[in-house]
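K.L.:
I am attaching a structure below and will ask some questions about it afterwards.
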Amino acid sequence: MFAATDDDLAWVLGTDPGGATDARRDRFLRLAVADRRCEIALAGAERVGFAVWHRQFFSRPFLALLIVLPAYRRRGAGTRLVRRLVERLAQGDTFFTSTNESNVAAQRFFEKLGFVRSGRIENLDPGDPELIYALPPDR
């Protein structure tokens, strides 16, 4: 795993299904790569996924986006990305993330890693609330 660079930007943009159609998402990803807040997972020499983080959630580490190529899901890439970010960023602090209520696979994934539900935000995606997850420092 490594922090994405400008050389990885086209791959990151092309891998995110929302990046091609959403100007906000495009800017978000470009800024994350420029700020070195985008980590890339590898399988051998092949890029297979990425994670974007920030500290804009009450100054706490927050996993904002996790994408793993379908052929590499359930093979450990997402787990490695999340664990690396927690290890590097949490440093005794609670680590947060979120997912839509409709994304049951992501909910199971985060709960398997020890995250606990910590709240709910309405009105981000109409009819599909955002569930906040926290990984306390003692987990």
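If you're wondering about the labels, chains in the structure tokens are A, B, ... by order shown, residues count from 1 in each chain, ligands from 1 in order shown.
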List as a PyMOL selection string the protein and nucleic acid residues near Gly78 of chain A, meaning an atom at most 9 Å away when only C-alpha atoms are counted, but skip any in the same chain fewer than 6 places from it.
P.N.:
chain A and resi 41+49-51+66-68+72+109
K.L.:
As a compact mmCIF listing (two decimals) with N, CA and C atoms, in the first residue's frame, please: all residues of chain A that backbone DSSP puts in strand (DSSP E).
P.N.:
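selection_9.txt, freshly written:
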# COMPACT_ATOMS: atom_id res chain seq x y z
N PHE A 2 0.33 2.29 -0.61
CA PHE A 2 1.08 3.53 -0.69
C PHE A 2 0.12 4.69 -0.92
N ALA A 3 0.58 5.88 -0.62
CA ALA A 3 -0.22 7.08 -0.89
C ALA A 3 -0.24 7.34 -2.38
N CYS A 38 -5.09 9.72 -0.02
CA CYS A 38 -5.67 8.60 -0.77
C CYS A 38 -4.65 7.46 -0.77
N GLU A 39 -5.01 6.35 -0.17
CA GLU A 39 -4.12 5.18 -0.09
C GLU A 39 -4.57 4.15 -1.11
N ILE A 40 -3.60 3.54 -1.76
CA ILE A 40 -3.88 2.54 -2.79
C ILE A 40 -3.46 1.16 -2.28
N ALA A 41 -4.32 0.17 -2.50
CA ALA A 41 -4.00 -1.22 -2.17
C ALA A 41 -3.53 -1.93 -3.42
N LEU A 42 -2.57 -2.81 -3.23
CA LEU A 42 -2.01 -3.58 -4.33
C LEU A 42 -2.24 -5.06 -4.11
N ALA A 43 -2.34 -5.79 -5.23
CA ALA A 43 -2.25 -7.25 -5.25
C ALA A 43 -1.12 -7.53 -6.22
N GLU A 46 -0.46 -4.88 -9.09
CA GLU A 46 -1.70 -4.32 -9.62
C GLU A 46 -2.47 -3.53 -8.56
N ARG A 47 -2.93 -2.34 -8.93
CA ARG A 47 -3.78 -1.54 -8.04
C ARG A 47 -5.16 -2.20 -8.00
N VAL A 48 -5.65 -2.44 -6.79
CA VAL A 48 -6.93 -3.15 -6.66
C VAL A 48 -7.96 -2.39 -5.84
N GLY A 49 -7.57 -1.29 -5.21
CA GLY A 49 -8.52 -0.52 -4.43
C GLY A 49 -7.88 0.72 -3.85
N PHE A 50 -8.72 1.57 -3.30
CA PHE A 50 -8.20 2.77 -2.65
C PHE A 50 -9.12 3.23 -1.54
N ALA A 51 -8.55 4.01 -0.64
CA ALA A 51 -9.29 4.59 0.48
C ALA A 51 -8.92 6.06 0.59
N VAL A 52 -9.91 6.88 0.88
CA VAL A 52 -9.70 8.32 1.08
C VAL A 52 -10.10 8.66 2.51
N TRP A 53 -9.28 9.43 3.17
CA TRP A 53 -9.54 9.82 4.55
C TRP A 53 -9.40 11.34 4.70
N HIS A 54 -9.90 11.84 5.83
CA HIS A 54 -9.71 13.25 6.19
C HIS A 54 -9.89 13.40 7.69
N ARG A 55 -9.71 14.61 8.17
CA ARG A 55 -9.92 14.92 9.59
C ARG A 55 -10.93 16.07 9.74
N GLN A 56 -11.89 16.13 8.87
CA GLN A 56 -12.88 17.20 8.92
C GLN A 56 -14.11 16.83 9.73
N PHE A 57 -14.15 15.64 10.28
CA PHE A 57 -15.26 15.18 11.11
C PHE A 57 -14.87 15.42 12.57
N ARG A 60 -11.44 14.49 13.84
CA ARG A 60 -11.13 13.07 14.06
C ARG A 60 -10.82 12.39 12.73
N PRO A 61 -10.04 11.32 12.75
CA PRO A 61 -9.80 10.59 11.51
C PRO A 61 -11.09 9.95 11.01
N PHE A 62 -11.33 10.11 9.71
CA PHE A 62 -12.59 9.66 9.10
C PHE A 62 -12.28 9.01 7.75
N LEU A 63 -12.71 7.77 7.58
CA LEU A 63 -12.61 7.10 6.30
C LEU A 63 -13.79 7.56 5.46
N ALA A 64 -13.50 8.36 4.43
CA ALA A 64 -14.56 8.96 3.63
C ALA A 64 -14.99 8.10 2.46
N LEU A 65 -14.08 7.28 1.95
CA LEU A 65 -14.41 6.48 0.78
C LEU A 65 -13.51 5.26 0.73
N LEU A 66 -14.10 4.12 0.46
CA LEU A 66 -13.35 2.88 0.29
C LEU A 66 -13.89 2.18 -0.94
N ILE A 67 -13.02 1.94 -1.91
CA ILE A 67 -13.43 1.26 -3.14
C ILE A 67 -12.42 0.16 -3.43
N VAL A 68 -12.93 -1.04 -3.64
CA VAL A 68 -12.11 -2.18 -4.04
C VAL A 68 -12.72 -2.73 -5.33
N PHE A 95 -11.74 6.36 15.51
CA PHE A 95 -11.69 6.45 14.05
C PHE A 95 -13.12 6.27 13.54
N PHE A 96 -13.55 7.13 12.63
CA PHE A 96 -14.93 7.12 12.16
C PHE A 96 -15.03 6.80 10.67
N THR A 97 -16.20 6.34 10.29
CA THR A 97 -16.56 6.16 8.88
C THR A 97 -18.08 6.18 8.79
N SER A 98 -18.60 6.02 7.59
CA SER A 98 -20.05 5.97 7.42
C SER A 98 -20.40 5.20 6.16
N THR A 99 -21.65 4.80 6.09
CA THR A 99 -22.17 4.16 4.89
C THR A 99 -23.68 4.35 4.86
N ASN A 100 -24.25 4.20 3.70
CA ASN A 100 -25.70 4.30 3.57
C ASN A 100 -26.38 3.12 4.25
N VAL A 116 -18.54 0.17 15.60
CA VAL A 116 -19.88 0.13 16.18
C VAL A 116 -20.69 1.31 15.64
N ARG A 117 -21.98 1.09 15.52
CA ARG A 117 -22.84 2.18 15.05
C ARG A 117 -22.81 3.30 16.07
N SER A 118 -22.73 4.52 15.53
CA SER A 118 -22.53 5.66 16.41
C SER A 118 -23.49 6.81 16.09
N GLY A 119 -24.35 6.64 15.13
CA GLY A 119 -25.29 7.70 14.80
C GLY A 119 -25.87 7.52 13.42
N ARG A 120 -26.70 8.50 13.07
CA ARG A 120 -27.44 8.42 11.81
C ARG A 120 -27.68 9.84 11.32
N ILE A 121 -27.47 10.06 10.03
CA ILE A 121 -27.71 11.37 9.44
C ILE A 121 -28.77 11.22 8.35
N GLU A 130 -27.58 7.97 6.22
CA GLU A 130 -26.16 7.66 6.40
C GLU A 130 -25.97 7.17 7.82
N LEU A 131 -25.35 6.01 7.97
CA LEU A 131 -25.05 5.46 9.28
C LEU A 131 -23.60 5.76 9.61
N ILE A 132 -23.37 6.33 10.78
CA ILE A 132 -22.02 6.65 11.24
C ILE A 132 -21.51 5.48 12.06
N TYR A 133 -20.26 5.13 11.82
CA TYR A 133 -19.60 4.06 12.56
C TYR A 133 -18.35 4.60 13.24
N ALA A 134 -18.07 4.07 14.42
CA ALA A 134 -16.89 4.48 15.19
C ALA A 134 -16.09 3.24 15.57
N LEU A 135 -14.79 3.40 15.53
CA LEU A 135 -13.88 2.36 16.04
C LEU A 135 -13.18 2.97 17.23
K.L.:
For the atom pair atom CA of Glu111 of chain A and atom CA of Asp8 of chain A, what is the interatomic distance in Å to one decimal place?
P.N.:
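Atom CA of Glu111 of chain A sits 29.9 Å away from atom CA of Asp8 of chain A.
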K.L.:
Of the candidates A:Leu69, A:Ala34, A:Ala105, A:Ala23, which shows the shortest atom-to-atom distance to Asp7 of chain A, using only C-alpha atoms?
P.N.:
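Answer, going by the shortest atom-to-atom distance: A:Ala34.
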K.L.:
DSSP on the backbone, alpha helix (DSSP H) only: what residues of chain A does that give? Format it as JSON, numbers by chain.
P.N.:
{"A": [9, 10, 11, 12, 13, 14, 15, 23, 24, 25, 26, 27, 28, 29, 30, 31, 32, 33, 34, 77, 78, 79, 80, 81, 82, 83, 84, 85, 104, 105, 106, 107, 108, 109, 110, 111, 112]}
